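Here's the structure we're looking at; comments come further down.
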Amino acid sequence: MAAEQGGKIDPMHQFLIEPAFGSHWIVGGYDLSFTNSALWMVVTLVALWAFMIGGMKRELVPGRWQMAVEGFTGFISGMLEQNVGPGGKRFVPYVFSLFMFILFANIIGLLPFGIVPGVHPFTVTSHMTVTGVLALISFAIVLLVGFGKHGFHFFSLFVPSGTPALMIPLIFVVELMSFLVRPFSLGLRLFVAMTAGHILLKVLAAFVINGLNLGGMYIGLVTAPSMLLMIGITLLELLVAAIQAYVFALLTSVYLNDAVNLH
Amino acid sequence: MDVNAAKMIGAGLAAIGMGLAALGVGNVFAQFLAGALRNPGAADSQQGRLFIGFAAAELLGLLAFVTMIILVFVA
């Protein structure tokens, strides 16, 4: 809570990207430092690998851990089966990696690592650079699959069957716009949901600290209700972390359905 | 009017948009629940559509939030 000295609340400080170990590493005019964002991506990947390798035992009678991993894989393959159909099996590895990476990054960003002195937790998915690239990868796969499978017939996606000839130019433009805005809305949704939650938590945390510093009746009037609200909001944020990962994977599979099956 | 004051008023007005999006999200879940209680057998198969509707309604509130943050911290 060093950012809240003197009662000034600075909720944006937590999103600052800086070199993880204090020194910049400049190569040819570009700053290629190992940032805290990169560090927490590595932490996310290590946690994900540990979770997956611990569960991929292929035992005939699965233990608890294997059941947890199989629950996730079954969830994703069921989602693709339902949304895309039989052609969706090919995309299970991609959508599964996407879902698990976002889920782990969201939840690791919420964990209270800040109680260890010197450790500043960082939410990887609270930056448009990360979520935007994930959304662009999804969009690129949709384009590649769509044009690869259907060729220029893919453009019939923008003209729903049964459209009156008079309406075709208008509908085409509207559908094209709604198609092109997809990667933007996909990345923006995840990034803003995580940013908003963390700002709210940080503001409440500052209320708690400032109330404690003032002492006296402020502890009962400000600190205690803020602390209670913060516990509730943290639980809500855990739900949001899971829902946003689910929505990202779900919308990716819906867009893949357009590419595989057209309308 | 002072530019900073105008920015803060604009940010406050943008916050209204989030409240309206909250109505939208509530409506999505309320209608789903109303439908699901009438025909519980069909409810599970429609969960994907529930979350697509939720995501679309939520996105508009998040856009209002982005507008607010840009006004306060960027503009």
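Chain labels follow the order of the structure tokens: the first chain is A, the next B, and so on; residue numbering restarts at 1 in every chain, and ligands are counted from 1 in their shown order.
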Handout entry: Expected answer as a list in words: chain A residues within 8 Å of chain B, only C-alpha atoms
Key =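 The selection requested is Ser185, Arg189, Val192, Ala193, Ala196, Val247, Leu250 and Leu251 of chain A.
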Pull C-alpha atoms from the residues just selected and write them as a PDB file, in the first residue's frame.
```
ATOM      1  CA  SER A 185     -15.060  -6.114 -28.292  1.00  0.00           C
ATOM      2  CA  ARG A 189     -14.485  -6.947 -22.474  1.00  0.00           C
ATOM      3  CA  VAL A 192     -12.092  -3.726 -18.766  1.00  0.00           C
ATOM      4  CA  ALA A 193     -13.764  -6.292 -16.521  1.00  0.00           C
ATOM      5  CA  ALA A 196     -12.639  -2.284 -13.144  1.00  0.00           C
ATOM      6  CA  VAL A 247     -17.308 -15.834 -22.073  1.00  0.00           C
ATOM      7  CA  LEU A 250     -17.648 -19.246 -25.572  1.00  0.00           C
ATOM      8  CA  LEU A 251     -17.545 -16.294 -27.980  1.00  0.00           C
TER       9      LEU A 251
END
```
Problem - Near-stretch 107-120 of chain A list (12 Å; only C-alpha atoms; drop same-chain fewer than 3 positions) as number ranges by chain - result: A: 1-3, 13-18, 20-21, 36-37, 39-48, 100-104, 123-126, 194-195, 197-199, 201-202, 205, 233-245
Hey, what's within 9 Å of A:Met227 if we count only C-alpha atoms and toss same-chain stuff fewer than 5 positions away? As a short mmCIF file (atom, residue, chain, number, x, y, z; two decimals) with C-alpha atoms, in the first residue's frame, please?
```
data_model
loop_
_atom_site.label_atom_id
_atom_site.label_comp_id
_atom_site.auth_asym_id
_atom_site.auth_seq_id
_atom_site.Cartn_x
_atom_site.Cartn_y
_atom_site.Cartn_z
CA LEU A 204 -11.76 -0.01 -0.92
CA ALA A 205 -8.35 -1.14 0.37
CA PHE A 207 -10.46 3.30 2.54
CA VAL A 208 -9.50 0.56 5.01
CA VAL A 222 -15.07 3.59 7.55
CA GLY A 232 -17.87 -9.53 -0.71
#
```
Handout entry: Residue neighbourhood A:Phe154, 10 Å, only C-alpha atoms, exclusion window fewer than 5 positions, as JSON, numbers by chain
Key = {"A": [143, 145, 146, 147, 148, 149, 258, 259, 260, 261, 262, 263]}
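The shell of residues at most 12 Å from B:Ala42, with only C-alpha atoms counted and near chain neighbours (fewer than 6 positions) removed, consists of B:Phe32, B:Leu33, B:Gly35, B:Ala36.
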Problem - Which of stretch 88-252 of chain A fall in alpha helix (DSSP H), as a ChimeraX atom specification - result: /A:92-110,128-150,168-180,182-214,217-218,224-252
